[in-house]
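Printed here is model_27.txt (compact mmCIF, C-alpha atoms):
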# COMPACT_ATOMS: atom_id res chain seq x y z
CA MET A 101 -3.25 112.48 55.70
CA ILE A 102 -4.88 115.66 54.40
CA LEU A 103 -7.33 115.72 51.50
CA THR A 104 -5.68 117.97 48.93
CA SER A 105 -8.12 117.59 46.05
CA LEU A 106 -11.58 116.15 45.45
CA ASN A 107 -12.96 115.83 41.93
CA LEU A 108 -16.42 114.57 41.03
CA TYR A 109 -17.37 113.19 37.62
CA GLN A 110 -20.53 111.75 36.10
CA TYR A 111 -20.72 108.71 33.82
CA ARG A 112 -23.37 107.02 31.71
CA LEU A 113 -22.53 103.65 30.19
CA PRO A 114 -24.78 101.95 27.61
CA LEU A 115 -25.31 98.21 27.97
CA ASP A 116 -24.90 95.71 25.15
CA VAL A 117 -27.75 93.61 26.56
CA LEU A 118 -30.48 94.47 29.04
CA LEU A 119 -29.69 93.75 32.69
CA PRO A 120 -32.34 92.61 35.17
CA VAL A 121 -33.17 94.77 38.17
CA GLY A 122 -35.74 92.56 39.84
CA LYS A 123 -38.37 92.04 37.14
CA GLN A 124 -37.40 95.29 35.45
CA ARG A 125 -34.71 95.80 32.81
CA ILE A 126 -32.18 98.60 32.24
CA ASP A 127 -30.25 99.49 29.09
CA HIS A 128 -27.64 101.77 30.68
CA ARG A 129 -25.91 102.41 34.01
CA ALA A 130 -25.28 105.91 35.36
CA GLY A 131 -23.30 107.02 38.38
CA LEU A 132 -20.52 109.15 39.77
CA VAL A 133 -16.77 108.78 40.12
CA LEU A 134 -15.14 110.55 43.05
CA GLN A 135 -11.39 111.06 42.82
CA ALA A 136 -9.41 112.12 45.88
CA SER A 137 -5.80 113.07 46.49
CA ALA A 138 -4.22 113.16 49.94
CA SER A 139 -0.77 113.96 51.32
CA ALA A 140 0.75 112.75 54.56
CA ASN A 141 3.05 115.72 55.04
CA VAL A 142 4.95 118.37 53.11
CA GLY A 143 6.94 116.59 50.41
CA GLY A 144 5.90 113.21 51.78
CA GLU A 145 3.62 110.41 50.65
CA HIS A 146 0.92 111.36 48.16
CA ARG A 147 -1.96 109.12 47.15
CA GLN A 148 -4.64 109.49 44.50
CA VAL A 149 -7.58 107.08 44.24
CA GLU A 150 -11.04 106.83 42.68
CA VAL A 151 -14.29 105.24 43.82
CA GLU A 152 -17.64 104.71 42.13
CA ILE A 153 -20.80 105.98 43.78
CA ALA A 154 -23.84 104.69 41.91
CA PRO A 155 -27.19 104.15 43.63
CA LEU A 156 -29.26 101.51 41.88
CA SER A 157 -32.14 103.81 41.00
CA GLY A 158 -33.46 105.68 37.99
CA ILE A 159 -35.78 104.39 35.27
CA ASP A 160 -36.08 101.15 33.35
CA VAL A 161 -36.46 100.57 29.61
CA ASP A 162 -40.22 101.17 29.95
CA GLU A 163 -39.64 104.57 31.58
CA GLN A 164 -40.78 103.24 34.95
CA ALA A 165 -38.94 104.02 38.20
CA LEU A 166 -36.74 101.20 39.48
CA MET A 167 -38.35 99.73 42.57
CA GLY A 168 -36.98 97.87 45.57
CA PHE A 169 -33.31 98.82 45.48
CA SER A 170 -31.61 102.15 46.33
CA ARG A 171 -33.80 104.53 48.29
CA GLU A 172 -31.83 107.56 47.10
CA THR A 173 -31.58 108.96 43.59
CA LEU A 174 -28.42 109.83 41.70
CA THR A 175 -29.48 113.48 41.74
CA GLN A 176 -29.80 113.47 45.53
CA VAL A 177 -26.34 111.95 45.94
CA GLN A 178 -24.79 114.35 43.43
CA THR A 179 -26.36 117.34 45.21
CA ALA A 180 -25.13 116.10 48.60
CA LEU A 181 -21.59 115.58 47.30
CA THR A 182 -21.48 118.94 45.54
CA GLY A 183 -22.19 120.61 48.87
CA LEU A 184 -19.91 118.33 50.89
CA LEU A 185 -16.70 118.36 48.83
CA PRO A 186 -15.62 121.97 49.49
CA GLN A 187 -16.01 121.28 53.22
CA LEU A 188 -13.91 118.11 52.99
CA CYS A 189 -11.07 119.57 50.97
CA GLY A 190 -8.21 120.40 53.33
CA GLN A 191 -9.52 118.11 56.09
CA HIS A 192 -7.95 114.98 57.53
CA ILE A 193 -9.07 111.85 55.68
CA ASP A 194 -10.77 110.55 58.85
CA THR A 195 -13.42 113.19 58.18
CA LEU A 196 -14.56 110.91 55.35
CA LEU A 197 -15.61 108.30 57.91
CA GLU A 198 -17.46 110.87 59.99
CA CYS A 199 -19.39 112.03 56.92
CA ALA A 200 -20.08 108.42 55.92
CA GLU A 201 -21.69 107.68 59.28
CA GLN A 202 -23.78 110.86 59.11
CA SER A 203 -25.01 110.43 55.54
CA PRO A 204 -28.65 109.37 55.02
CA TYR A 205 -27.68 107.87 51.64
CA PRO A 206 -26.21 104.32 51.74
CA SER A 207 -24.40 104.68 48.40
CA LEU A 208 -22.69 107.86 49.58
CA ALA A 209 -21.80 106.32 52.95
CA PHE A 210 -20.28 103.32 51.23
CA GLY A 211 -18.38 105.46 48.72
CA LEU A 212 -16.85 107.75 51.36
CA SER A 213 -15.80 104.84 53.58
CA LEU A 214 -14.32 103.05 50.56
CA LEU A 215 -12.45 106.22 49.59
CA HIS A 216 -10.95 106.32 53.08
CA ALA A 217 -9.93 102.65 52.91
CA LYS A 218 -8.23 103.15 49.54
CA LEU A 219 -6.41 106.29 50.68
CA MET A 220 -5.18 104.33 53.71
CA GLY A 221 -3.89 101.61 51.38
CA LYS A 222 -6.10 98.95 52.97
CA LEU A 223 -6.96 97.40 49.61
CA ASP A 224 -3.44 97.52 48.20
CA ALA A 225 -2.01 94.34 49.69
CA ILE A 226 -5.16 92.28 49.14
CA ARG A 227 -5.41 89.98 46.17
CA PRO A 228 -8.93 90.47 44.76
CA GLN A 229 -11.38 87.61 44.44
CA THR A 230 -11.12 86.65 40.77
CA ALA A 231 -13.64 83.82 40.91
CA THR A 232 -17.29 84.75 40.67
CA VAL A 233 -20.66 83.03 40.49
CA PRO A 234 -21.99 83.30 36.90
CA LEU A 235 -25.38 84.97 36.49
CA ILE A 236 -27.93 83.26 34.24
CA TYR A 237 -31.29 84.74 33.25
CA HIS A 238 -33.71 84.78 30.34
CA PRO A 239 -32.52 87.59 28.04
CA THR A 240 -35.42 89.68 26.75
CA ASP A 241 -33.42 91.36 23.98
CA ALA A 242 -31.22 88.50 22.75
CA SER A 243 -31.68 85.06 21.26
CA LYS A 244 -31.89 81.87 23.31
CA ASP A 245 -28.70 80.81 21.55
CA LEU A 246 -26.80 83.44 23.52
CA LEU A 247 -28.04 81.92 26.77
CA ASP A 248 -27.24 78.39 25.61
CA SER A 249 -23.73 79.40 24.58
CA LYS A 250 -23.09 81.03 27.96
CA ILE A 251 -24.11 77.86 29.77
CA ALA A 252 -22.00 75.69 27.46
CA ALA A 253 -19.00 78.01 27.95
CA LEU A 254 -18.97 77.75 31.75
CA GLY A 255 -15.56 76.69 32.96
CA ARG A 256 -15.12 73.35 34.66
CA ASN A 257 -13.91 75.23 37.73
CA VAL A 258 -17.39 76.77 38.09
CA ARG A 259 -19.29 74.94 40.78
CA SER A 260 -22.28 77.24 41.34
CA VAL A 261 -24.41 79.54 39.18
CA LYS A 262 -27.02 82.13 40.07
CA VAL A 263 -30.31 81.83 38.19
CA LYS A 264 -32.95 84.54 38.08
CA VAL A 265 -36.45 83.13 38.63
CA ALA A 266 -39.95 84.60 39.08
CA GLN A 267 -39.26 86.52 35.87
CA THR A 268 -41.31 84.66 33.27
CA SER A 269 -43.62 81.63 33.46
CA ILE A 270 -42.92 78.80 35.90
CA GLU A 271 -42.80 76.40 32.95
CA ASP A 272 -40.13 78.43 31.13
CA GLU A 273 -38.02 78.76 34.25
CA LEU A 274 -38.19 75.09 35.09
CA SER A 275 -37.16 74.39 31.50
CA LEU A 276 -34.19 76.76 31.97
CA ILE A 277 -33.11 75.08 35.20
CA TYR A 278 -33.36 71.54 33.84
CA GLY A 279 -31.59 72.69 30.66
CA ILE A 280 -28.67 74.01 32.71
CA LEU A 281 -28.42 70.74 34.59
CA ARG A 282 -28.58 68.66 31.42
CA THR A 283 -25.51 70.52 30.19
CA ARG A 284 -23.79 70.66 33.58
CA PRO A 285 -25.28 68.13 36.03
CA ASP A 286 -22.46 68.88 38.48
CA LEU A 287 -23.59 72.46 39.13
CA LYS A 288 -25.26 73.77 42.26
CA LEU A 289 -27.87 76.49 41.73
CA ARG A 290 -28.47 79.67 43.67
CA LEU A 291 -31.93 80.87 42.67
CA ASP A 292 -32.94 84.51 42.97
CA ALA A 293 -36.66 85.28 43.05
CA ASN A 294 -36.43 88.96 44.07
CA ARG A 295 -39.67 88.51 46.07
CA GLY A 296 -41.41 87.57 42.83
CA PHE A 297 -43.58 84.71 44.14
CA THR A 298 -46.55 84.56 46.45
CA LEU A 299 -46.14 81.83 49.07
CA GLU A 300 -48.35 79.51 47.04
CA GLN A 301 -46.42 80.17 43.81
CA ALA A 302 -43.08 79.67 45.57
CA ILE A 303 -44.19 76.30 46.94
CA GLU A 304 -45.62 75.23 43.56
CA PHE A 305 -42.40 76.21 41.80
CA ALA A 306 -40.05 74.66 44.35
CA ALA A 307 -42.00 71.40 44.41
CA CYS A 308 -40.92 70.84 40.80
CA LEU A 309 -37.22 71.48 41.42
CA PRO A 310 -34.42 68.93 41.77
CA LEU A 311 -33.93 69.85 45.41
CA GLU A 312 -30.51 68.24 45.75
CA THR A 313 -29.06 70.77 43.27
CA ILE A 314 -30.37 73.93 44.99
CA GLU A 315 -28.03 75.74 47.39
CA TYR A 316 -30.69 78.28 48.33
CA ILE A 317 -33.27 80.66 46.92
CA GLU A 318 -32.99 84.41 47.51
CA GLU A 319 -36.09 86.18 48.79
CA PRO A 320 -38.59 83.55 47.55
CA CYS A 321 -41.74 85.29 48.77
CA LEU A 322 -43.40 88.61 48.04
CA ASN A 323 -44.03 88.87 51.77
CA PRO A 324 -40.73 88.04 53.51
CA HIS A 325 -42.66 86.88 56.58
CA ASP A 326 -43.74 83.89 54.45
CA ASN A 327 -40.15 82.68 53.93
CA HIS A 328 -40.23 80.58 57.09
CA GLU A 329 -43.46 78.85 56.03
CA PHE A 330 -41.95 78.25 52.57
CA TYR A 331 -38.94 76.59 54.19
CA GLN A 332 -41.16 74.43 56.40
CA ALA A 333 -43.18 73.29 53.39
CA ILE A 334 -40.31 72.57 50.97
CA GLY A 335 -37.06 72.45 52.96
CA ILE A 336 -35.06 74.66 50.57
CA PRO A 337 -32.89 77.11 52.53
CA TYR A 338 -33.40 80.76 51.68
CA ALA A 339 -31.25 83.88 51.54
CA LEU A 340 -32.07 87.52 52.25
CA ASP A 341 -31.24 90.30 49.82
CA GLU A 342 -33.91 93.01 49.45
CA SER A 343 -34.75 92.65 53.15
CA LEU A 344 -31.35 94.10 54.00
CA ASN A 345 -32.24 97.36 52.20
CA ASP A 346 -34.85 98.21 54.82
CA PRO A 347 -33.35 101.04 56.93
CA GLU A 348 -34.82 99.37 60.02
CA TYR A 349 -33.32 95.95 59.25
CA GLN A 350 -31.56 94.23 62.14
CA PHE A 351 -30.20 90.71 61.82
CA VAL A 352 -32.41 88.09 63.46
CA MET A 353 -31.69 84.40 63.03
CA GLN A 354 -34.57 82.53 61.40
CA ASN A 355 -35.17 78.86 60.73
CA GLY A 356 -34.10 78.13 57.15
CA LEU A 357 -32.02 81.28 56.72
CA THR A 358 -28.70 80.22 55.20
CA ALA A 359 -27.18 83.33 53.57
CA LEU A 360 -27.17 87.11 53.31
CA VAL A 361 -26.56 88.56 49.85
CA ILE A 362 -24.81 91.84 50.60
CA LYS A 363 -24.83 94.70 48.09
CA PRO A 364 -22.55 97.33 49.64
CA MET A 365 -23.82 100.16 47.41
CA LEU A 366 -27.29 99.62 48.86
CA LEU A 367 -26.36 99.11 52.50
CA GLY A 368 -23.85 101.75 53.63
CA SER A 369 -20.39 102.09 55.12
CA ILE A 370 -17.76 99.37 55.25
CA GLU A 371 -18.00 99.41 59.04
CA LYS A 372 -21.74 98.69 58.83
CA LEU A 373 -21.08 95.85 56.38
CA ALA A 374 -18.39 94.34 58.59
CA ASN A 375 -20.63 94.44 61.67
CA LEU A 376 -23.50 92.76 59.79
CA ILE A 377 -21.18 90.07 58.44
CA ASP A 378 -19.67 89.37 61.86
CA THR A 379 -23.12 89.02 63.42
CA ALA A 380 -24.53 86.78 60.70
CA GLN A 381 -21.46 84.54 60.58
CA SER A 382 -21.63 84.05 64.34
CA TYR A 383 -24.93 82.23 63.68
CA GLY A 384 -23.43 80.20 60.84
CA VAL A 385 -25.12 82.28 58.13
CA ARG A 386 -23.08 82.71 54.95
CA CYS A 387 -22.41 86.25 53.67
CA ILE A 388 -21.92 86.81 49.95
CA ILE A 389 -20.80 90.13 48.48
CA SER A 390 -22.85 90.95 45.40
CA SER A 391 -22.89 93.75 42.84
CA SER A 392 -25.45 96.49 42.33
CA LEU A 393 -24.58 96.47 38.62
CA GLU A 394 -21.54 98.69 39.09
CA SER A 395 -19.05 99.46 36.34
CA SER A 396 -15.60 97.87 36.16
CA LEU A 397 -14.28 100.39 38.72
CA GLY A 398 -16.87 99.39 41.31
CA ILE A 399 -16.64 95.68 40.55
CA ASN A 400 -12.86 95.76 41.01
CA ASP A 401 -13.25 97.34 44.45
CA LEU A 402 -15.96 94.84 45.42
CA ALA A 403 -13.63 91.99 44.45
CA HIS A 404 -11.04 93.40 46.86
CA LEU A 405 -13.64 93.88 49.61
CA ALA A 406 -14.90 90.33 49.17
CA ALA A 407 -11.36 89.06 49.69
CA ILE A 408 -11.17 91.05 52.94
CA LEU A 409 -14.67 90.66 54.40
CA THR A 410 -15.78 87.26 53.06
CA PRO A 411 -12.60 85.42 52.02
CA ASP A 412 -14.25 81.99 52.12
CA GLU A 413 -17.15 82.90 49.80
CA ILE A 414 -17.15 83.44 46.03
CA PRO A 415 -18.85 86.80 45.38
CA GLY A 416 -21.64 87.46 42.92
CA LEU A 417 -20.00 89.95 40.56
CA ASP A 418 -20.84 88.52 37.13
CA THR A 419 -22.51 91.56 35.54
CA LEU A 420 -19.74 93.25 33.52
CA SER A 421 -20.34 91.23 30.37
CA ALA A 422 -23.40 93.39 29.65
CA PHE A 423 -21.37 96.63 29.69
CA SER A 424 -20.23 98.16 26.41
CA GLN A 425 -17.17 99.83 28.00
CA ASP A 426 -15.00 99.72 31.07
CA LEU A 427 -14.62 102.66 33.42
CA VAL A 428 -11.23 103.79 34.80
CA VAL A 429 -10.20 100.19 35.59
CA SER A 430 -9.92 97.80 32.65
CA SER A 431 -11.62 94.42 32.76
CA GLY A 432 -10.36 93.60 29.27
CA LYS A 433 -12.95 95.36 27.13
CA LYS A 434 -11.89 97.16 23.96
CA TYR A 435 -12.66 100.60 25.40
CA CYS A 436 -11.97 101.90 28.92
CA LEU A 437 -13.13 105.41 29.70
CA THR A 438 -10.73 107.68 31.56
CA LEU A 439 -11.68 110.54 33.85
CA ALA A 440 -10.73 112.99 31.10
CA GLN A 441 -13.58 111.53 29.03
CA LEU A 442 -16.20 111.99 31.76
CA GLU A 443 -18.31 115.04 32.55
CA PRO A 444 -16.77 116.96 35.48
CA ILE A 445 -19.30 117.99 38.13
CA ALA A 446 -17.08 119.59 40.77
CA LEU A 447 -13.32 120.13 41.08
CA HIS A 448 -11.77 121.24 44.38
CA VAL A 449 -8.07 121.73 45.14
CA ILE A 450 -6.57 123.43 48.19
CA ASP A 451 -3.83 125.94 47.45
CA SER A 452 -0.23 125.10 48.26
CA THR A 453 -0.06 127.50 51.24
CA GLN A 454 -3.08 125.89 52.91
CA GLN A 455 -1.77 122.44 52.03
CA ASN A 456 1.58 123.12 53.69
CA ASP A 457 -0.06 124.55 56.80
CA ASP A 458 -2.56 121.69 57.15
CA ALA A 459 0.03 119.01 56.48
CA ALA A 460 2.42 120.51 59.02
CA LYS A 461 -0.34 120.52 61.65
CA SER A 462 -1.16 116.90 61.02
CA GLU A 463 2.44 115.66 60.93
CA GLY A 464 3.15 113.45 63.88
CA ASN A 465 -0.52 112.66 64.35
CA GLU A 466 -0.78 110.03 61.64
CA PHE A 467 -1.81 106.49 62.43
CA VAL A 468 -0.83 103.33 60.62
How would this structure read if it were set down as C-alpha cells?
Amino acid sequence: MILTSLNLYQYRLPLDVLLPVGKQRIDHRAGLVLQASASANVGGEHRQVEVEIAPLSGIDVDEQALMGFSRETLTQVQTALTGLLPQLCGQHIDTLLECAEQSPYPSLAFGLSLLHAKLMGKLDAIRPQTATVPLIYHPTDASKDLLDSKIAALGRNVRSVKVKVAQTSIEDELSLIYGILRTRPDLKLRLDANRGFTLEQAIEFAACLPLETIEYIEEPCLNPHDNHEFYQAIGIPYALDESLNDPEYQFVMQNGLTALVIKPMLLGSIEKLANLIDTAQSYGVRCIISSSLESSLGINDLAHLAAILTPDEIPGLDTLSAFSQDLVVSSGKKYCLTLAQLEPIALHVIDSTQQNDDAAKSEGNEFV
C-alpha cells in the first residue's frame, strides 16, 4: 500500500478536573493527530486512519516543567513530523516502520508504528478491552464528596483499583485506602507511588497497610535500587513504570518484581513493546498497558492494543473522565472534536499521476 496523503493536526483539550502526573497536576492535554490515507493499487482498496501522538511533557498548573515522563517535547515531535511527512508521502507504508525504528522520540516511534498497524487493518478484527482498572487519587481542585461518590459508584464487576500514593501525607493516604476498603472490602489495590518515597518512608507507609489487599506498589522508592530492599523488609511485590522510560533500560528479573506498567507513548514502537512483553512474561512478570493521559482517540487504540498484546490483563486506561471533550473517537461525551475543528499543521497529498505510477509499481508486491 502506498501513502497517498498525510495530514497533521494539533489539539489542546481542557480538563474538567486536574490530572496527576507524578506529584504534579495538569489542567489540559495537548498533542497531535496524524491522519494517513493509503491505496493498495489503482482503483483498489483505500484506507484512511488517524493516530494520536502526544508526548507526556509540557508544563503543569504551577508553570513548572513536567518531570519524569516523556523525554521529548511536543514541539520537537511536531518539527520532526513536519520535516518527515513530505518524504513519506508517496512511499510504501512499510516506510513508516523504518522511520519508527530510526526515530529518537518514543512518542513518534509509537505513533508511526501504530499508524502502520491501523493501515494494515491489524486492529480491525480485535475487540477492544472495555474493562479498565479505575484510578483513584486525592483531587486537589474538587471536593472530597466527588472522590467518595466515585468509590461508591464502582461497579460490582470491578475487582481492582489503582490508588495514587506518595502525593499528600501518609496519614491522609492511609485514611483514603482504609476508606476505600470500608466501602468495598472485596477490592484489591494497585498502589502507585511514582518514586515518591524514600526507602524509609516506603517501609513506614507499607507497614501500616492491610497487606492482604495489596496487589503491588508501582515504583515505591525514589531510588529504584532500593525496591529490592523494600520488598525484603515488607514483602509487598512491586511494579516498574518510570524505570522503563530510561533509554538504557533492559529487562532484568529482580526478586519481588511482579509487573511492568507499560505506557506505549513513552516507550516506542509496537515491536519494542511486544519484545519487552514477551521477555517479561517469560519470567512470569505481568505486563499491564497503561495510558499517558491520551485523549479518547489514543485510549481507544490502547484498548485495542491491550487486547492484542496483553489479553489476560485489564489495562489501566481510566483517565478520560477528566476530559471536557472527546477527540475524533467518541467515548460518550457531549462533544467530540472532529479534524475539521483542529488546527492543521501540515497537509500533504500526492497528485493522481504519481499515485497511479507508485501504485502500479507496488501492485503484486503486497503482503497480507
(request) For CA of Ala209 in chain A and CA of Gly368 in chain A, quote the distance in Å rounded to one decimal. (result)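 Calculated distance between CA of Ala209 in chain A and CA of Gly368 in chain A is 5.1 Å.
Here CA of Leu405 in chain A and CA of Pro347 in chain A stand 22.2 Å from one another.
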Work out where the centre of an axis-aligned box around every listed atom of range 369-386 of chain A lies and how long its edges are once 3 Å is added on each side; give both in Å to one decimal as JSON.
{"center_x": -21.4, "center_y": 91.1, "center_z": 59.6, "size_x": 13.4, "size_y": 27.9, "size_z": 15.4}
(request) Write out as a list of chain:residue names each polymer residue whose atoms come within 9 Å of range 147-149 of chain A, counting all atoms listed in the file; drop sequence neighbours fewer than 2 positions from it. (result) A:Ser105, A:Leu134, A:Gln135, A:Ala136, A:Ser137, A:Ala138, A:Ser139, A:Ala140, A:Glu145, A:Val151, A:Leu215, A:Lys218, A:Leu219, A:Met220, A:Gly221
Which residues come within 8 Å of Glu443 in chain A, counting only C-alpha atoms, excluding same-chain residues fewer than 4 positions away, as a JSON list (two decimals) with C-alpha atoms, keeping the file's coordinate frame?
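For reference, part.json as written:
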[["chain", "number", "residue", "atom", "x", "y", "z"],
["A", 109, "TYR", "CA", -17.37, 113.19, 37.62],
["A", 110, "GLN", "CA", -20.53, 111.75, 36.10],
["A", 111, "TYR", "CA", -20.72, 108.71, 33.82]]
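Nearest to Pro444 in chain A of all the residues A:Thr182, A:Gly168, A:Pro114, A:Pro411 is A:Thr182, based on only C-alpha atoms.
Closest to Leu156 in chain A among A:Leu366, A:Leu197, A:Cys308, A:Val177 is A:Leu366, based on only C-alpha atoms.
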(request) Would you mind reading off the distance between CA of Pro337 in chain A and CA of Glu319 in chain A, one decimal, in Å? (result)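 Atom-to-atom, CA of Pro337 in chain A to CA of Glu319 in chain A, that is 10.3 Å.
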Near-Phe351 in chain A list (8 Å; all atoms listed in the file; drop same-chain fewer than 3 positions) as a PDB file with C-alpha atoms, in the frame of the given file:
ATOM      1  CA  LEU A 376     -23.500  92.760  59.790  1.00  0.00           C
ATOM      2  CA  THR A 379     -23.120  89.020  63.420  1.00  0.00           C
ATOM      3  CA  ALA A 380     -24.530  86.780  60.700  1.00  0.00           C
TER       4      ALA A 380
END
(request) Write out as a PyMOL selection string the residues lying within 9 Å of Val161 in chain A, counting all atoms listed in the file and excluding same-chain residues fewer than 3 positions away. (result) chain A and resi 118+124-128+164
(message) Which residue is closest to Leu188 in chain A? Choose from A:Leu103, A:Val428, A:Val263, A:Ile270 and count all atoms listed in the file.
(response)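 Closest to Leu188 in chain A of all the choices is A:Leu103.
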Using only C-alpha atoms, which protein or nucleic acid residues come within 10 Å of Glu198 in chain A? Drop anything in the same chain fewer than 3 positions from it, and give the result as a PDB file with C-alpha atoms, in the frame of the given file.
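What landed in out_31.pdb:
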ATOM      1  CA  ILE A 193      -9.070 111.850  55.680  1.00  0.00           C
ATOM      2  CA  ASP A 194     -10.770 110.550  58.850  1.00  0.00           C
ATOM      3  CA  THR A 195     -13.420 113.190  58.180  1.00  0.00           C
ATOM      4  CA  GLU A 201     -21.690 107.680  59.280  1.00  0.00           C
ATOM      5  CA  GLN A 202     -23.780 110.860  59.110  1.00  0.00           C
ATOM      6  CA  SER A 203     -25.010 110.430  55.540  1.00  0.00           C
ATOM      7  CA  ALA A 209     -21.800 106.320  52.950  1.00  0.00           C
ATOM      8  CA  LEU A 212     -16.850 107.750  51.360  1.00  0.00           C
ATOM      9  CA  SER A 213     -15.800 104.840  53.580  1.00  0.00           C
TER      10      SER A 213
END
(request) For each of A:Leu115, A:Ile280, A:Ala446, A:Met101, take the minimum atom-to-atom distance to Glu394 in chain A, counting all atoms listed in the file, then give the residue where this is smallest. (result) A:Leu115
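If you measure from each of A:Ala154, A:Leu344, A:Leu299, A:Arg284 to His325 in chain A using all atoms listed in the file, the closest one turns out to be A:Leu299.
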Kindly provide, as an mmCIF file with C-alpha atoms, in the coordinates of the input, the polymer residues lying within 6 Å of (-9.4, 104.7, 35.2), counting all atoms listed in the file and using the coordinates exactly as they appear in the file.
data_model
loop_
_atom_site.group_PDB
_atom_site.id
_atom_site.type_symbol
_atom_site.label_atom_id
_atom_site.label_comp_id
_atom_site.auth_asym_id
_atom_site.auth_seq_id
_atom_site.Cartn_x
_atom_site.Cartn_y
_atom_site.Cartn_z
ATOM 1 C CA LEU A 427 -14.620 102.660 33.420
ATOM 2 C CA VAL A 428 -11.230 103.790 34.800
ATOM 3 C CA VAL A 429 -10.200 100.190 35.590
ATOM 4 C CA THR A 438 -10.730 107.680 31.560
#
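Counting only C-alpha atoms, the residue from A:Leu113, A:Leu360, A:Leu106, A:Val352 that sits nearest to Leu442 in chain A is A:Leu113.
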Would you mind putting N, CA, C and O atoms back on range 290-305 of chain A and writing the result as an mmCIF file, keeping the file's coordinate frame?
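Everything below was put into out20.cif:
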data_model
loop_
_atom_site.group_PDB
_atom_site.id
_atom_site.type_symbol
_atom_site.label_atom_id
_atom_site.label_comp_id
_atom_site.auth_asym_id
_atom_site.auth_seq_id
_atom_site.Cartn_x
_atom_site.Cartn_y
_atom_site.Cartn_z
ATOM 1 N N ARG A 290 -27.983 78.665 42.737
ATOM 2 C CA ARG A 290 -28.470 79.670 43.670
ATOM 3 C C ARG A 290 -29.581 80.422 42.938
ATOM 4 O O ARG A 290 -29.311 81.160 41.994
ATOM 5 N N LEU A 291 -30.798 80.239 43.343
ATOM 6 C CA LEU A 291 -31.930 80.870 42.670
ATOM 7 C C LEU A 291 -32.222 82.224 43.301
ATOM 8 O O LEU A 291 -32.048 82.406 44.514
ATOM 9 N N ASP A 292 -32.641 83.163 42.482
ATOM 10 C CA ASP A 292 -32.940 84.510 42.970
ATOM 11 C C ASP A 292 -34.327 84.907 42.481
ATOM 12 O O ASP A 292 -34.532 85.152 41.291
ATOM 13 N N ALA A 293 -35.280 84.971 43.415
ATOM 14 C CA ALA A 293 -36.660 85.280 43.050
ATOM 15 C C ALA A 293 -37.017 86.749 43.207
ATOM 16 O O ALA A 293 -38.073 87.184 42.745
ATOM 17 N N ASN A 294 -36.160 87.525 43.881
ATOM 18 C CA ASN A 294 -36.430 88.960 44.070
ATOM 19 C C ASN A 294 -37.857 89.218 44.570
ATOM 20 O O ASN A 294 -38.531 90.147 44.128
ATOM 21 N N ARG A 295 -38.318 88.382 45.501
ATOM 22 C CA ARG A 295 -39.670 88.510 46.070
ATOM 23 C C ARG A 295 -40.748 88.434 44.978
ATOM 24 O O ARG A 295 -41.783 89.090 45.061
ATOM 25 N N GLY A 296 -40.500 87.620 43.969
ATOM 26 C CA GLY A 296 -41.410 87.570 42.830
ATOM 27 C C GLY A 296 -42.548 86.574 42.950
ATOM 28 O O GLY A 296 -43.437 86.567 42.105
ATOM 29 N N PHE A 297 -42.539 85.726 43.986
ATOM 30 C CA PHE A 297 -43.580 84.710 44.140
ATOM 31 C C PHE A 297 -44.465 85.018 45.353
ATOM 32 O O PHE A 297 -43.973 85.490 46.383
ATOM 33 N N THR A 298 -45.744 84.700 45.238
ATOM 34 C CA THR A 298 -46.550 84.560 46.450
ATOM 35 C C THR A 298 -46.088 83.266 47.136
ATOM 36 O O THR A 298 -45.364 82.453 46.543
ATOM 37 N N LEU A 299 -46.513 83.059 48.362
ATOM 38 C CA LEU A 299 -46.140 81.830 49.070
ATOM 39 C C LEU A 299 -46.602 80.617 48.281
ATOM 40 O O LEU A 299 -45.842 79.646 48.124
ATOM 41 N N GLU A 300 -47.820 80.655 47.769
ATOM 42 C CA GLU A 300 -48.350 79.510 47.040
ATOM 43 C C GLU A 300 -47.554 79.266 45.758
ATOM 44 O O GLU A 300 -47.255 78.111 45.409
ATOM 45 N N GLN A 301 -47.213 80.324 45.038
ATOM 46 C CA GLN A 301 -46.420 80.170 43.810
ATOM 47 C C GLN A 301 -45.027 79.630 44.124
ATOM 48 O O GLN A 301 -44.499 78.788 43.386
ATOM 49 N N ALA A 302 -44.424 80.125 45.199
ATOM 50 C CA ALA A 302 -43.080 79.670 45.570
ATOM 51 C C ALA A 302 -43.080 78.177 45.876
ATOM 52 O O ALA A 302 -42.176 77.441 45.463
ATOM 53 N N ILE A 303 -44.096 77.724 46.605
ATOM 54 C CA ILE A 303 -44.190 76.300 46.940
ATOM 55 C C ILE A 303 -44.433 75.470 45.680
ATOM 56 O O ILE A 303 -43.813 74.414 45.480
ATOM 57 N N GLU A 304 -45.336 75.947 44.814
ATOM 58 C CA GLU A 304 -45.620 75.230 43.560
ATOM 59 C C GLU A 304 -44.362 75.114 42.708
ATOM 60 O O GLU A 304 -44.060 74.046 42.154
ATOM 61 N N PHE A 305 -43.626 76.208 42.597
ATOM 62 C CA PHE A 305 -42.400 76.210 41.800
ATOM 63 C C PHE A 305 -41.356 75.279 42.404
ATOM 64 O O PHE A 305 -40.775 74.430 41.722
#
